[in-house]
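One structure is given here, and the rest of the page talks about it.
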Amino acid sequence: NRYDEELIRRREADNDDDPSLPINKTIGLPIIVVGMPKVGTTTIKEYFRCSKRYRVSHHVCKPGVKCGVTIKNNVEAGRPPLFGISNFDVYTQLDAWALKNYNYHCYMPQVEDIEKLHAQFPNATFILNTRNVGKWIRSLHNYNRGNMLQQMVKCNITGLPAGVGWDDADLKAFYEGHMNNIQSFVKSHPSHELVSVDIEWWNAGETMEEAFHINRTCWGHANKS
């Protein structure tokens with residue numbers, strides 16, 4: 001499609017960061033991270049930016065506007081979710097948090113509207129970022145004094161209704177349920193490639209290099225908690 005063709009044209013015109021690794025011209029675009037927040041999304045952002053091959057969005061898709069807000073507005077208006085913000089090659093975090101002046105506290109497109117993302121980009125590559133669920137729960141409790149966890153409990157998310165989430169068992173069920181839902185979705189929609197990466201595993205950089213042909217030395221651990 002035109003996204004693939006434009007990316008290949010632009011990358012081949014640039015000086016490659018590592019000529020020893022050929023550009024993966026078969027990867028479907030855009031590349032969308034569909035796992036949970038606090039599971040290495042900042043590390044994934046830095047990985048793709050390190051390559052200098054991709055236009056990368058993280059949280060924000062327009063100046064001062066979070067991706068999730070634009071996506072929710074689009075969906076509610078009957079437009080494709082990434083309408084007006086499809087100028088990126090990689091979206092490392094679409095979900096939006098700490099929303100003020102809205103009638104919702106957060107929005108997770110990868111949970112609520114994966115079907116609509118598929119309809120707009122049937123050949124997109126999905127990254128399912130994972131980590132030990134216990135460590136993920138501890139991260140929610142620790143990050144910004146538990147602020148994100150408080151927002152999760154306030155939100156009415158599919159699989160985690162409003163008021164649910166103070167019990168770690170509920171968070172564990174939500175996390176594992178989402179992992180299963182994404183895997184099942186891709187199985188029933190095989191036009192998508194699913195790259196699963198445990199962001200804490202020793203070979204995470206190797207997994208990403210094999211999938212995207214970006215040197216594993218670009219892989220790090222940003223924004224730890």
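Naming scheme: A, B, ... for chains in displayed order of the structure tokens; residues 1 onward per chain; ligands 1 onward as shown.
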
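Residues of range 91-139 of chain A that DSSP places in alpha helix (DSSP H), based on the backbone of this structure, are A:Pro109, A:Gln110, A:Val111, A:Glu112, A:Ile114, A:Glu115, A:Lys116, A:Leu117, A:His118, A:Ala119, A:Gln120, A:Val133, A:Gly134, A:Lys135, A:Trp136, A:Ile137, A:Arg138, A:Ser139.
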
Would you mind exporting the chosen residues as a CSV table (one decimal), in the first residue's frame, restricted to C-alpha atoms?
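Final output, saved to selection33.csv:
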chain,number,residue,atom,x,y,z
A,109,PRO,CA,-8.3,1.9,21.5
A,110,GLN,CA,-6.4,-1.4,21.6
A,111,VAL,CA,-9.0,-2.7,24.0
A,112,GLU,CA,-12.2,-0.9,22.7
A,114,ILE,CA,-9.2,-3.1,17.6
A,115,GLU,CA,-11.8,-4.0,15.0
A,116,LYS,CA,-11.9,-0.4,13.7
A,117,LEU,CA,-8.1,-0.2,13.6
A,118,HIS,CA,-8.2,-3.4,11.5
A,119,ALA,CA,-10.8,-2.0,9.2
A,120,GLN,CA,-8.7,1.0,8.5
A,133,VAL,CA,1.9,-9.6,35.2
A,134,GLY,CA,2.9,-9.3,38.8
A,135,LYS,CA,5.6,-6.8,37.9
A,136,TRP,CA,3.1,-4.9,35.7
A,137,ILE,CA,0.7,-4.6,38.7
A,138,ARG,CA,3.5,-3.4,41.0
A,139,SER,CA,4.4,-0.8,38.3

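Residues in contact with Asp95 in chain A at up to 10 Å, not including ones fewer than 5 positions away on its chain and judged by only C-alpha atoms, are Val33, Val34, Gly35, Met36, Pro37, His58, His59, Val60, Lys66, Cys67, Gly68, Val69, Ile71, Lys72, Cys106, Tyr107, Met108, Pro109, Gln110 and Val111 of chain A.
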
Selected residues written out with N, CA, C and O atoms, as an mmCIF file, in the first residue's frame:
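Dumped to again_17.cif:
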data_model
loop_
_atom_site.group_PDB
_atom_site.id
_atom_site.type_symbol
_atom_site.label_atom_id
_atom_site.label_comp_id
_atom_site.auth_asym_id
_atom_site.auth_seq_id
_atom_site.Cartn_x
_atom_site.Cartn_y
_atom_site.Cartn_z
ATOM 1 N N VAL A 33 1.497 -0.618 18.587
ATOM 2 C CA VAL A 33 1.653 -1.326 19.859
ATOM 3 C C VAL A 33 0.265 -1.524 20.466
ATOM 4 O O VAL A 33 -0.487 -0.561 20.660
ATOM 5 N N VAL A 34 -0.083 -2.775 20.746
ATOM 6 C CA VAL A 34 -1.445 -3.092 21.202
ATOM 7 C C VAL A 34 -1.475 -3.689 22.606
ATOM 8 O O VAL A 34 -2.516 -4.154 23.064
ATOM 9 N N GLY A 35 -0.342 -3.667 23.308
ATOM 10 C CA GLY A 35 -0.323 -4.161 24.677
ATOM 11 C C GLY A 35 -0.749 -3.090 25.663
ATOM 12 O O GLY A 35 -1.356 -2.077 25.300
ATOM 13 N N MET A 36 -0.429 -3.307 26.909
ATOM 14 C CA MET A 36 -0.840 -2.419 27.984
ATOM 15 C C MET A 36 0.154 -1.278 28.191
ATOM 16 O O MET A 36 1.332 -1.393 27.839
ATOM 17 N N PRO A 37 -0.310 -0.163 28.783
ATOM 18 C CA PRO A 37 0.635 0.861 29.233
ATOM 19 C C PRO A 37 1.481 0.303 30.370
ATOM 20 O O PRO A 37 1.111 -0.665 31.019
ATOM 21 N N HIS A 58 4.189 8.808 19.963
ATOM 22 C CA HIS A 58 4.081 8.246 21.316
ATOM 23 C C HIS A 58 3.169 9.146 22.139
ATOM 24 O O HIS A 58 3.537 10.280 22.467
ATOM 25 N N HIS A 59 1.982 8.681 22.406
ATOM 26 C CA HIS A 59 0.971 9.427 23.165
ATOM 27 C C HIS A 59 0.310 10.532 22.339
ATOM 28 O O HIS A 59 -0.901 10.650 22.307
ATOM 29 N N VAL A 60 1.137 11.377 21.708
ATOM 30 C CA VAL A 60 0.636 12.574 21.037
ATOM 31 C C VAL A 60 0.704 12.396 19.525
ATOM 32 O O VAL A 60 1.743 12.018 18.985
ATOM 33 N N LYS A 66 -3.593 14.304 22.580
ATOM 34 C CA LYS A 66 -3.248 12.900 22.722
ATOM 35 C C LYS A 66 -3.921 12.067 21.642
ATOM 36 O O LYS A 66 -5.065 12.338 21.245
ATOM 37 N N CYS A 67 -3.208 11.056 21.182
ATOM 38 C CA CYS A 67 -3.727 10.191 20.121
ATOM 39 C C CYS A 67 -5.097 9.629 20.492
ATOM 40 O O CYS A 67 -6.020 9.608 19.669
ATOM 41 N N GLY A 68 -5.215 9.168 21.719
ATOM 42 C CA GLY A 68 -6.457 8.526 22.132
ATOM 43 C C GLY A 68 -7.659 9.440 22.047
ATOM 44 O O GLY A 68 -8.769 8.998 21.726
ATOM 45 N N VAL A 69 -7.466 10.733 22.326
ATOM 46 C CA VAL A 69 -8.569 11.689 22.249
ATOM 47 C C VAL A 69 -9.034 11.836 20.800
ATOM 48 O O VAL A 69 -10.238 11.816 20.507
ATOM 49 N N ILE A 71 -8.608 9.680 18.384
ATOM 50 C CA ILE A 71 -9.195 8.416 17.943
ATOM 51 C C ILE A 71 -10.623 8.288 18.450
ATOM 52 O O ILE A 71 -11.532 7.908 17.700
ATOM 53 N N LYS A 72 -10.844 8.609 19.709
ATOM 54 C CA LYS A 72 -12.205 8.498 20.264
ATOM 55 C C LYS A 72 -13.160 9.449 19.543
ATOM 56 O O LYS A 72 -14.297 9.076 19.215
ATOM 57 N N CYS A 106 -10.160 8.049 30.618
ATOM 58 C CA CYS A 106 -9.127 7.431 29.792
ATOM 59 C C CYS A 106 -9.796 6.740 28.612
ATOM 60 O O CYS A 106 -11.026 6.605 28.564
ATOM 61 N N TYR A 107 -8.975 6.312 27.684
ATOM 62 C CA TYR A 107 -9.494 5.598 26.518
ATOM 63 C C TYR A 107 -8.387 4.702 25.982
ATOM 64 O O TYR A 107 -7.247 5.138 25.796
ATOM 65 N N MET A 108 -8.724 3.428 25.734
ATOM 66 C CA MET A 108 -7.751 2.445 25.259
ATOM 67 C C MET A 108 -8.226 1.864 23.930
ATOM 68 O O MET A 108 -8.979 0.885 23.900
ATOM 69 N N PRO A 109 -7.821 2.445 22.813
ATOM 70 C CA PRO A 109 -8.271 1.950 21.506
ATOM 71 C C PRO A 109 -7.941 0.486 21.255
ATOM 72 O O PRO A 109 -8.714 -0.226 20.602
ATOM 73 N N GLN A 110 -6.799 0.029 21.786
ATOM 74 C CA GLN A 110 -6.402 -1.354 21.556
ATOM 75 C C GLN A 110 -7.313 -2.340 22.272
ATOM 76 O O GLN A 110 -7.358 -3.526 21.924
ATOM 77 N N VAL A 111 -8.058 -1.846 23.256
ATOM 78 C CA VAL A 111 -9.049 -2.663 23.961
ATOM 79 C C VAL A 111 -10.431 -2.485 23.345
ATOM 80 O O VAL A 111 -11.135 -3.461 23.068
#

Arg216 in chain A surroundings by only C-alpha atoms, 6 Å radius, close-in-sequence under 3 positions cut, as a VMD selection string
chain A and resid 205 to 206 209 219

Between CA of Ile27 in chain A and CA of Pro190 in chain A - distance in Å to one decimal
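The value is 13.6 Å.
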
For Arg55 in chain A, find every residue with an atom within 7 Å (counting only C-alpha atoms), except residues of its own chain fewer than 3 positions away, and show them as a ChimeraX atom specification.
/A:88-90

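Proximity to Ser191 in chain A was assessed for A:Pro161, A:Pro80, A:Gly146, A:Gly28 counting only C-alpha atoms; the smallest distance is recorded for A:Gly28.
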
Rank nothing, just name the residue among A:Asn123, A:Thr26, A:Asn180, A:Asn132 nearest to His192 in chain A, using only C-alpha atoms.
A:Asn123

Check the smallest atom-to-atom distance from each of A:Lys52, A:Arg145, A:Lys187, A:Lys45 to Ile31 in chain A using only C-alpha atoms, then report the winner.
A:Lys45

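Our summary of the geometry notes that CA of Ile157 in chain A is positioned 26.9 Å from CA of Leu29 in chain A.
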
Run DSSP on the backbone and grab whatever in range 18-116 of chain A lands in strand (DSSP E); send it over as a list in words.
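Taking range 18-116 of chain A and keeping strand (DSSP E) gives Ile31, Ile32, Val33, Val56, Ser57, Val60, Cys61, Lys62, Val65, Lys66, Val90 and Tyr91 of chain A.
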
Dump as an mmCIF file, in the first residue's frame, selection limited to all heavy atoms:
data_model
loop_
_atom_site.group_PDB
_atom_site.id
_atom_site.type_symbol
_atom_site.label_atom_id
_atom_site.label_comp_id
_atom_site.auth_asym_id
_atom_site.auth_seq_id
_atom_site.Cartn_x
_atom_site.Cartn_y
_atom_site.Cartn_z
ATOM 1 N N ILE A 31 2.836 0.261 12.146
ATOM 2 C CA ILE A 31 3.164 -0.635 13.246
ATOM 3 C C ILE A 31 2.491 -0.064 14.495
ATOM 4 O O ILE A 31 2.699 1.103 14.837
ATOM 5 C CB ILE A 31 4.688 -0.721 13.437
ATOM 6 C CG1 ILE A 31 5.354 -1.277 12.172
ATOM 7 C CG2 ILE A 31 5.035 -1.560 14.664
ATOM 8 C CD1 ILE A 31 6.852 -1.038 12.110
ATOM 9 N N ILE A 32 1.663 -0.867 15.152
ATOM 10 C CA ILE A 32 0.869 -0.381 16.279
ATOM 11 C C ILE A 32 1.112 -1.248 17.509
ATOM 12 O O ILE A 32 0.951 -2.474 17.453
ATOM 13 C CB ILE A 32 -0.635 -0.392 15.936
ATOM 14 C CG1 ILE A 32 -0.911 0.456 14.679
ATOM 15 C CG2 ILE A 32 -1.453 0.117 17.114
ATOM 16 C CD1 ILE A 32 -2.361 0.376 14.207
ATOM 17 N N VAL A 33 1.497 -0.618 18.587
ATOM 18 C CA VAL A 33 1.653 -1.326 19.859
ATOM 19 C C VAL A 33 0.265 -1.524 20.466
ATOM 20 O O VAL A 33 -0.487 -0.561 20.660
ATOM 21 C CB VAL A 33 2.558 -0.541 20.822
ATOM 22 C CG1 VAL A 33 2.569 -1.189 22.204
ATOM 23 C CG2 VAL A 33 3.982 -0.462 20.257
ATOM 24 N N VAL A 56 7.659 8.219 14.280
ATOM 25 C CA VAL A 56 7.137 7.551 15.466
ATOM 26 C C VAL A 56 6.260 8.495 16.284
ATOM 27 O O VAL A 56 6.647 9.635 16.570
ATOM 28 C CB VAL A 56 8.290 7.029 16.350
ATOM 29 C CG1 VAL A 56 7.739 6.281 17.562
ATOM 30 C CG2 VAL A 56 9.219 6.127 15.536
ATOM 31 N N SER A 57 5.083 8.017 16.650
ATOM 32 C CA SER A 57 4.202 8.748 17.558
ATOM 33 C C SER A 57 4.163 8.021 18.895
ATOM 34 O O SER A 57 4.086 6.801 18.951
ATOM 35 C CB SER A 57 2.782 8.833 16.974
ATOM 36 O OG SER A 57 1.854 9.204 17.971
ATOM 37 N N VAL A 60 1.137 11.377 21.708
ATOM 38 C CA VAL A 60 0.636 12.574 21.037
ATOM 39 C C VAL A 60 0.704 12.396 19.525
ATOM 40 O O VAL A 60 1.743 12.018 18.985
ATOM 41 C CB VAL A 60 1.442 13.817 21.466
ATOM 42 C CG1 VAL A 60 0.998 15.045 20.684
ATOM 43 C CG2 VAL A 60 1.285 14.056 22.965
ATOM 44 N N CYS A 61 -0.408 12.662 18.842
ATOM 45 C CA CYS A 61 -0.455 12.539 17.383
ATOM 46 C C CYS A 61 -0.630 13.882 16.687
ATOM 47 O O CYS A 61 -0.439 13.987 15.481
ATOM 48 C CB CYS A 61 -1.591 11.600 16.964
ATOM 49 S SG CYS A 61 -1.262 9.855 17.340
ATOM 50 N N LYS A 62 -1.034 14.899 17.451
ATOM 51 C CA LYS A 62 -1.107 16.275 16.991
ATOM 52 C C LYS A 62 -0.548 17.137 18.103
ATOM 53 O O LYS A 62 -0.604 16.748 19.277
ATOM 54 C CB LYS A 62 -2.549 16.694 16.682
ATOM 55 C CG LYS A 62 -3.162 16.068 15.451
ATOM 56 C CD LYS A 62 -4.582 16.599 15.238
ATOM 57 C CE LYS A 62 -5.208 16.029 13.981
ATOM 58 N NZ LYS A 62 -6.593 16.554 13.777
ATOM 59 N N VAL A 65 -2.308 17.337 21.522
ATOM 60 C CA VAL A 65 -3.503 16.492 21.525
ATOM 61 C C VAL A 65 -3.081 15.026 21.590
ATOM 62 O O VAL A 65 -2.309 14.551 20.743
ATOM 63 C CB VAL A 65 -4.370 16.724 20.267
ATOM 64 C CG1 VAL A 65 -5.621 15.844 20.322
ATOM 65 C CG2 VAL A 65 -4.747 18.190 20.136
ATOM 66 N N LYS A 66 -3.593 14.304 22.580
ATOM 67 C CA LYS A 66 -3.248 12.900 22.722
ATOM 68 C C LYS A 66 -3.921 12.067 21.642
ATOM 69 O O LYS A 66 -5.065 12.338 21.245
ATOM 70 C CB LYS A 66 -3.654 12.398 24.110
ATOM 71 C CG LYS A 66 -2.877 13.088 25.228
ATOM 72 C CD LYS A 66 -3.288 12.599 26.601
ATOM 73 C CE LYS A 66 -2.475 13.290 27.676
ATOM 74 N NZ LYS A 66 -2.825 12.848 29.049
ATOM 75 N N VAL A 90 4.783 4.399 13.004
ATOM 76 C CA VAL A 90 4.747 3.619 14.237
ATOM 77 C C VAL A 90 3.965 4.390 15.294
ATOM 78 O O VAL A 90 4.197 5.582 15.507
ATOM 79 C CB VAL A 90 6.167 3.325 14.771
ATOM 80 C CG1 VAL A 90 6.113 2.431 15.997
ATOM 81 C CG2 VAL A 90 7.044 2.703 13.690
ATOM 82 N N TYR A 91 3.043 3.683 15.938
ATOM 83 C CA TYR A 91 2.279 4.250 17.063
ATOM 84 C C TYR A 91 2.613 3.405 18.285
ATOM 85 O O TYR A 91 2.148 2.275 18.415
ATOM 86 C CB TYR A 91 0.783 4.206 16.777
ATOM 87 C CG TYR A 91 0.359 5.026 15.576
ATOM 88 C CD1 TYR A 91 0.417 4.482 14.294
ATOM 89 C CD2 TYR A 91 -0.098 6.339 15.720
ATOM 90 C CE1 TYR A 91 0.040 5.227 13.182
ATOM 91 C CE2 TYR A 91 -0.489 7.084 14.612
ATOM 92 C CZ TYR A 91 -0.413 6.524 13.351
ATOM 93 O OH TYR A 91 -0.797 7.266 12.254
#

For a test of reading the model, state the distance in Å between CA of Phe126 in chain A and CA of Gly220 in chain A, rounded to one decimal.
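Separation of CA of Phe126 in chain A and CA of Gly220 in chain A: 19.9 Å.
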
With only C-alpha atoms as the basis for distance, which of A:Gly163, A:Thr130, A:Glu46, A:Ser188 is at the shortest distance from Glu176 in chain A?
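Selected residue with least distance to Glu176 in chain A: A:Thr130.
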
Shell of 6 Å around range 147-154 of chain A, only C-alpha atoms, local chain residues under 3 positions omitted, as a PyMOL selection string:
chain A and resi 140+144+162-165

Produce a file of the selected residues containing N, CA and C atoms, as a PDB file, in the first residue's frame.
ATOM      1  N   LEU A 140       2.006  -0.386  38.253  1.00  0.00           N
ATOM      2  CA  LEU A 140       0.830   0.476  38.358  1.00  0.00           C
ATOM      3  C   LEU A 140       0.723   1.091  39.752  1.00  0.00           C
ATOM      4  N   ASN A 144       4.061   7.114  39.498  1.00  0.00           N
ATOM      5  CA  ASN A 144       3.421   8.396  39.811  1.00  0.00           C
ATOM      6  C   ASN A 144       2.461   8.260  40.998  1.00  0.00           C
ATOM      7  N   ALA A 162     -15.862   0.325  35.724  1.00  0.00           N
ATOM      8  CA  ALA A 162     -15.604   1.412  36.669  1.00  0.00           C
ATOM      9  C   ALA A 162     -15.727   0.907  38.106  1.00  0.00           C
ATOM     10  N   GLY A 163     -14.757   1.281  38.935  1.00  0.00           N
ATOM     11  CA  GLY A 163     -14.747   0.873  40.331  1.00  0.00           C
ATOM     12  C   GLY A 163     -14.012  -0.416  40.590  1.00  0.00           C
ATOM     13  N   VAL A 164     -13.634  -1.128  39.520  1.00  0.00           N
ATOM     14  CA  VAL A 164     -12.918  -2.401  39.660  1.00  0.00           C
ATOM     15  C   VAL A 164     -11.437  -2.180  39.365  1.00  0.00           C
ATOM     16  N   GLY A 165     -10.566  -2.810  40.165  1.00  0.00           N
ATOM     17  CA  GLY A 165      -9.142  -2.716  39.909  1.00  0.00           C
ATOM     18  C   GLY A 165      -8.292  -2.545  41.152  1.00  0.00           C
TER      19      GLY A 165
END
